[in-house]
$ cat protein37.pdb   # PDB, C-alpha atoms and all ligand atoms
ATOM      1  CA  MET C   1     -23.435   0.090 -18.428
ATOM      2  CA  GLU C   2     -22.978  -1.911 -15.241
ATOM      3  CA  LYS C   3     -20.153  -0.831 -12.966
ATOM      4  CA  GLN C   4     -17.429  -3.500 -12.986
ATOM      5  CA  LEU C   5     -15.566  -2.574  -9.806
ATOM      6  CA  TYR C   6     -16.856  -1.176  -6.540
ATOM      7  CA  TYR C   7     -13.449   0.421  -5.872
ATOM      8  CA  THR C   8     -11.362   1.712  -8.751
ATOM      9  CA  SER C   9      -8.291   0.852  -6.705
ATOM     10  CA  HIS C  10      -8.093  -1.147  -3.506
ATOM     11  CA  VAL C  11      -4.928  -0.772  -1.443
ATOM     12  CA  PHE C  12      -3.881  -3.345   1.164
ATOM     13  CA  CYS C  13      -1.133  -2.211   3.536
ATOM     14  CA  CYS C  14       0.312  -4.933   5.731
ATOM     15  CA  VAL C  15       0.373  -3.816   9.368
ATOM     16  CA  ASN C  16       1.048  -7.264  10.778
ATOM     17  CA  GLU C  17       2.889  -7.487  14.094
ATOM     18  CA  ARG C  18       5.121 -10.311  15.315
ATOM     19  CA  VAL C  19       7.193 -10.881  18.409
ATOM     20  CA  PRO C  20      10.215  -8.539  18.350
ATOM     21  CA  ASP C  21      12.870 -11.183  17.602
ATOM     22  CA  HIS C  22      10.948 -13.039  14.899
ATOM     23  CA  GLU C  23      13.268 -14.021  12.030
ATOM     24  CA  ARG C  24      11.004 -12.588   9.328
ATOM     25  CA  GLY C  25      10.369  -9.313  11.133
ATOM     26  CA  SER C  26       7.073  -7.527  10.613
ATOM     27  CA  CYS C  27       5.711  -4.531   8.773
ATOM     28  CA  LYS C  28       4.310  -3.010  11.946
ATOM     29  CA  ALA C  29       7.763  -2.974  13.560
ATOM     30  CA  LEU C  30       8.947  -1.015  10.524
ATOM     31  CA  GLY C  31       6.345   1.721  10.970
ATOM     32  CA  ALA C  32       3.633   0.436   8.624
ATOM     33  CA  GLU C  33       0.665   1.322  10.804
ATOM     34  CA  LYS C  34       1.611   4.988  11.086
ATOM     35  CA  LEU C  35       2.161   5.166   7.325
ATOM     36  CA  GLN C  36      -1.165   3.436   6.589
ATOM     37  CA  ASN C  37      -3.013   5.844   8.870
ATOM     38  CA  TYR C  38      -1.404   8.766   7.080
ATOM     39  CA  MET C  39      -2.192   7.291   3.669
ATOM     40  CA  LYS C  40      -5.849   6.773   4.525
ATOM     41  CA  ALA C  41      -6.291  10.291   5.896
ATOM     42  CA  ARG C  42      -4.389  11.858   3.016
ATOM     43  CA  ALA C  43      -6.381   9.922   0.386
ATOM     44  CA  LYS C  44      -9.556  11.349   1.911
ATOM     45  CA  GLU C  45      -8.065  14.839   1.950
ATOM     46  CA  LEU C  46      -7.190  14.515  -1.738
ATOM     47  CA  GLY C  47     -10.782  13.494  -2.516
ATOM     48  CA  LEU C  48      -9.760  10.019  -3.695
ATOM     49  CA  THR C  49     -12.098   8.048  -1.444
ATOM     50  CA  GLU C  50     -15.400   9.314  -2.819
ATOM     51  CA  GLY C  51     -17.065   9.872  -6.134
ATOM     52  CA  GLU C  52     -16.803   7.892  -9.310
ATOM     53  CA  SER C  53     -13.236   6.674  -8.934
ATOM     54  CA  LYS C  54     -13.468   5.547  -5.349
ATOM     55  CA  ILE C  55     -10.251   4.341  -3.726
ATOM     56  CA  ARG C  56     -10.028   2.300  -0.539
ATOM     57  CA  ILE C  57      -6.975   2.133   1.734
ATOM     58  CA  ASN C  58      -7.195  -0.957   3.978
ATOM     59  CA  LYS C  59      -5.052  -2.483   6.670
ATOM     60  CA  SER C  60      -4.098  -6.068   6.075
ATOM     61  CA  LEU C  61      -2.466  -8.825   8.039
ATOM     62  CA  CYS C  62       0.645 -10.560   6.676
ATOM     63  CA  LEU C  63       0.898 -10.588   2.878
ATOM     64  CA  ASP C  64       3.794 -13.081   3.114
ATOM     65  CA  ARG C  65       6.344 -10.678   1.650
ATOM     66  CA  CYS C  66       7.738  -9.683   5.038
ATOM     67  CA  GLU C  67      11.360  -9.341   3.872
ATOM     68  CA  LEU C  68      10.209  -6.502   1.607
ATOM     69  CA  GLY C  69       8.291  -4.608   4.270
ATOM     70  CA  PRO C  70       6.698  -2.317   4.864
ATOM     71  CA  ILE C  71       4.790  -3.508   1.852
ATOM     72  CA  LEU C  72       1.459  -2.756   0.191
ATOM     73  CA  VAL C  73      -0.365  -4.025  -2.868
ATOM     74  CA  ILE C  74      -2.828  -2.209  -5.109
ATOM     75  CA  TYR C  75      -5.597  -4.093  -6.918
ATOM     76  CA  PRO C  76      -6.883  -4.619  -9.541
ATOM     77  CA  GLU C  77      -3.448  -3.859 -11.008
ATOM     78  CA  GLY C  78      -1.594  -6.139  -8.576
ATOM     79  CA  VAL C  79       1.239  -3.647  -8.200
ATOM     80  CA  TRP C  80       3.366  -3.995  -5.046
ATOM     81  CA  TYR C  81       5.280  -1.223  -3.340
ATOM     82  CA  HIS C  82       7.865  -1.019  -0.576
ATOM     83  CA  TYR C  83       7.479   2.290   1.230
ATOM     84  CA  GLU C  84       9.176   3.827   4.230
ATOM     85  CA  THR C  85       8.348   7.508   4.436
ATOM     86  CA  ILE C  86       5.555  10.056   4.115
ATOM     87  CA  THR C  87       7.223  11.147   0.864
ATOM     88  CA  ASP C  88       6.868   7.578  -0.465
ATOM     89  CA  VAL C  89       3.189   7.533   0.505
ATOM     90  CA  GLU C  90       2.632  10.892  -1.200
ATOM     91  CA  GLU C  91       4.250   9.597  -4.368
ATOM     92  CA  ILE C  92       2.069   6.474  -4.428
ATOM     93  CA  LEU C  93      -1.053   8.572  -3.806
ATOM     94  CA  THR C  94      -0.402  11.278  -6.368
ATOM     95  CA  GLY C  95       1.473   9.155  -8.886
ATOM     96  CA  HIS C  96      -0.254   5.791  -8.954
ATOM     97  CA  LEU C  97      -3.671   6.398  -7.399
ATOM     98  CA  GLN C  98      -4.388   9.906  -8.647
ATOM     99  CA  ASN C  99      -2.688   9.836 -12.041
ATOM    100  CA  GLY C 100      -2.360   6.126 -12.889
ATOM    101  CA  ARG C 101       1.430   6.326 -13.117
ATOM    102  CA  ILE C 102       3.395   3.457 -11.573
ATOM    103  CA  VAL C 103       6.062   4.666  -9.143
ATOM    104  CA  GLU C 104       8.995   2.630 -10.426
ATOM    105  CA  ARG C 105      11.452   3.628  -7.698
ATOM    106  CA  LEU C 106       9.205   2.001  -5.039
ATOM    107  CA  ARG C 107       7.854  -0.912  -7.075
ATOM    108  CA  VAL C 108       8.506  -4.481  -5.982
ATOM    109  CA  SER C 109       8.397  -7.031  -8.788
ATOM    110  CA  PRO C 110       6.362 -10.253  -8.420
ATOM    111  CA  ASP C 111       9.491 -12.438  -8.220
ATOM    112  CA  GLN C 112      11.528 -10.137  -5.962
ATOM    113  CA  GLU C 113      12.608 -11.676  -2.648
ATOM    114  CA  ALA C 114      14.824  -9.002  -1.116
ATOM    115  CA  LEU C 115      15.232  -5.233  -1.203
TER     116      LEU C 115
HETATM  117  S1  LIG G 201       4.525  -8.945   8.121
HETATM  118 FE1  LIG G 201       4.054  -7.663   6.432
HETATM  119  S2  LIG G 201       4.143  -8.987   4.730
HETATM  120 FE2  LIG G 201       4.455 -10.267   6.434
END

$ encode --input "protein37.pdb" --output "structure tokens" --more "lines below"
Ligand code: FES
Amino acid sequence: MEKQLYYTSHVFCCVNERVPDHERGSCKALGAEKLQNYMKARAKELGLTEGESKIRINKSLCLDRCELGPILVIYPEGVWYHYETITDVEEILTGHLQNGRIVERLRVSPDQEAL
């Protein structure tokens, strides 16, 4: 059977940067780049980036949900998360990406506009 998806899960972490006093803020100013770097390295360490269920952790520019940042989205599920700490990243990696369990405490709903 033909493989349907190249990546089982594709994660886009916004690391967009704006001028410091911008009214919408930016994910980078909230530490997103450091968290994305950790997530990428940790996913590799956990063996999630190779093999049959290959997962990709990418940087992205603005996802237009700045008020909820730092924010990431996982496709093909289309699940969004607000995350702030290494513990949050660990929970997304081991819960959602490794075991297919949505991390409800970090989830951002499609119609949510504020934290
Ligand atoms: S700056 Fe991250 S969503 Fe806009």

$ residues_near_ligand --input "protein37.pdb" --ligand "ligand LIG 201 (chain G)" --cutoff "10 Å" --atoms "only C-alpha atoms and all ligand atoms" --output "list in words"
Cys13, Cys14, Val15, Asn16, Glu17, Arg18, Arg24, Gly25, Ser26, Cys27, Lys28, Ala29, Leu30, Ala32, Ser60, Leu61, Cys62, Leu63, Asp64, Arg65, Cys66, Glu67, Leu68, Gly69, Pro70, Ile71 and Leu72 of chain C

$ residues_around --input "protein37.pdb" --residues "Glu91 in chain C" --least-positions-apart "6" --cutoff "10 Å" --atoms "all atoms listed in the file" --output "list in words"
Tyr83, Thr85, Leu97, Gln98, Arg101, Ile102, Val103, Arg105 and Leu106 of chain C

$ closest_residue --input "protein37.pdb" --among "C:Glu52, C:Glu77, C:Asp88, C:Glu113" --to "Tyr7 in chain C" --atoms "only C-alpha atoms"
C:Glu52

$ resolve_selection --input "protein37.pdb" --expression "the PyMOL selection byres (((chain C and resi 57) around 12) and not hetatm)" --output "CSV table (one decimal) with C-alpha atoms, keeping the file's coordinate frame"
chain,number,residue,atom,x,y,z
C,7,TYR,CA,-13.4,0.4,-5.9
C,8,THR,CA,-11.4,1.7,-8.8
C,9,SER,CA,-8.3,0.9,-6.7
C,10,HIS,CA,-8.1,-1.1,-3.5
C,11,VAL,CA,-4.9,-0.8,-1.4
C,12,PHE,CA,-3.9,-3.3,1.2
C,13,CYS,CA,-1.1,-2.2,3.5
C,14,CYS,CA,0.3,-4.9,5.7
C,33,GLU,CA,0.7,1.3,10.8
C,35,LEU,CA,2.2,5.2,7.3
C,36,GLN,CA,-1.2,3.4,6.6
C,37,ASN,CA,-3.0,5.8,8.9
C,38,TYR,CA,-1.4,8.8,7.1
C,39,MET,CA,-2.2,7.3,3.7
C,40,LYS,CA,-5.8,6.8,4.5
C,41,ALA,CA,-6.3,10.3,5.9
C,42,ARG,CA,-4.4,11.9,3.0
C,43,ALA,CA,-6.4,9.9,0.4
C,44,LYS,CA,-9.6,11.3,1.9
C,48,LEU,CA,-9.8,10.0,-3.7
C,49,THR,CA,-12.1,8.0,-1.4
C,50,GLU,CA,-15.4,9.3,-2.8
C,54,LYS,CA,-13.5,5.5,-5.3
C,55,ILE,CA,-10.3,4.3,-3.7
C,56,ARG,CA,-10.0,2.3,-0.5
C,58,ASN,CA,-7.2,-1.0,4.0
C,59,LYS,CA,-5.1,-2.5,6.7
C,60,SER,CA,-4.1,-6.1,6.1
C,72,LEU,CA,1.5,-2.8,0.2
C,73,VAL,CA,-0.4,-4.0,-2.9
C,74,ILE,CA,-2.8,-2.2,-5.1
C,75,TYR,CA,-5.6,-4.1,-6.9
C,89,VAL,CA,3.2,7.5,0.5
C,92,ILE,CA,2.1,6.5,-4.4
C,93,LEU,CA,-1.1,8.6,-3.8
C,97,LEU,CA,-3.7,6.4,-7.4

$ closest_residue --input "protein37.pdb" --among "C:Tyr81, C:Leu46, C:Val19, C:Pro76" --to "Glu104 in chain C" --atoms "only C-alpha atoms"
C:Tyr81

$ atom_distance --input "protein37.pdb" --atom1 "CA of Arg107 in chain C" --atom2 "CA of Ile86 in chain C"
15.8 Å

$ atom_distance --input "protein37.pdb" --atom1 "CA of Glu2 in chain C" --atom2 "CA of Gly100 in chain C"
22.3 Å

$ atom_distance --input "protein37.pdb" --atom1 "CA of Glu84 in chain C" --atom2 "CA of Ala114 in chain C"
15.0 Å

$ closest_residue --input "protein37.pdb" --among "C:Ser53, C:Asn99, C:Gln112, C:Thr94" --to "Trp80 in chain C" --atoms "all atoms listed in the file"
C:Gln112

$ decode --input "protein37.pdb" --residues "range 58-109 of chain C" --atoms "C-alpha atoms" --output "short mmCIF file (atom, residue, chain, number, x, y, z; two decimals), in the first residue's frame"
data_model
loop_
_atom_site.label_atom_id
_atom_site.label_comp_id
_atom_site.auth_asym_id
_atom_site.auth_seq_id
_atom_site.Cartn_x
_atom_site.Cartn_y
_atom_site.Cartn_z
CA ASN C 58 10.00 22.83 12.07
CA LYS C 59 10.41 26.50 12.81
CA SER C 60 7.73 28.70 11.35
CA LEU C 61 7.16 32.39 10.93
CA CYS C 62 3.99 34.00 12.31
CA LEU C 63 0.99 31.66 12.51
CA ASP C 64 -1.27 34.67 13.25
CA ARG C 65 -2.17 33.48 16.74
CA CYS C 66 0.36 35.74 18.44
CA GLU C 67 -1.79 36.48 21.51
CA LEU C 68 -1.59 32.78 22.36
CA GLY C 69 2.17 32.48 22.01
CA PRO C 70 4.43 30.75 22.17
CA ILE C 71 2.29 28.60 19.94
CA LEU C 72 2.75 25.51 17.79
CA VAL C 73 0.50 23.42 15.58
CA ILE C 74 0.71 19.72 14.76
CA TYR C 75 -0.52 18.37 11.43
CA PRO C 76 -2.27 16.37 10.10
CA GLU C 77 -4.37 16.58 13.28
CA GLY C 78 -4.43 20.39 13.32
CA VAL C 79 -4.00 20.48 17.09
CA TRP C 80 -2.63 23.74 18.54
CA TYR C 81 -0.67 24.09 21.75
CA HIS C 82 0.50 26.98 23.90
CA TYR C 83 3.73 26.00 25.63
CA GLU C 84 6.12 27.83 27.91
CA THR C 85 8.49 25.38 29.52
CA ILE C 86 10.67 22.34 28.90
CA THR C 87 8.10 20.36 30.89
CA ASP C 88 5.40 21.46 28.42
CA VAL C 89 7.58 20.38 25.49
CA GLU C 90 8.23 17.01 27.13
CA GLU C 91 4.52 16.48 27.61
CA ILE C 92 3.74 17.28 23.97
CA LEU C 93 6.53 14.97 22.80
CA THR C 94 5.72 11.99 24.99
CA GLY C 95 1.97 12.50 25.17
CA HIS C 96 0.87 13.65 21.74
CA LEU C 97 3.73 12.70 19.41
CA GLN C 98 4.87 9.46 21.02
CA ASN C 99 1.58 8.09 22.32
CA GLY C 100 -1.10 9.90 20.30
CA ARG C 101 -2.68 11.42 23.41
CA ILE C 102 -3.77 15.06 23.18
CA VAL C 103 -2.37 17.17 26.02
CA GLU C 104 -5.56 18.93 27.07
CA ARG C 105 -3.95 21.26 29.62
CA LEU C 106 -1.87 22.91 26.83
CA ARG C 107 -4.38 22.69 23.98
CA VAL C 108 -5.64 25.83 22.29
CA SER C 109 -9.04 25.48 20.64
#
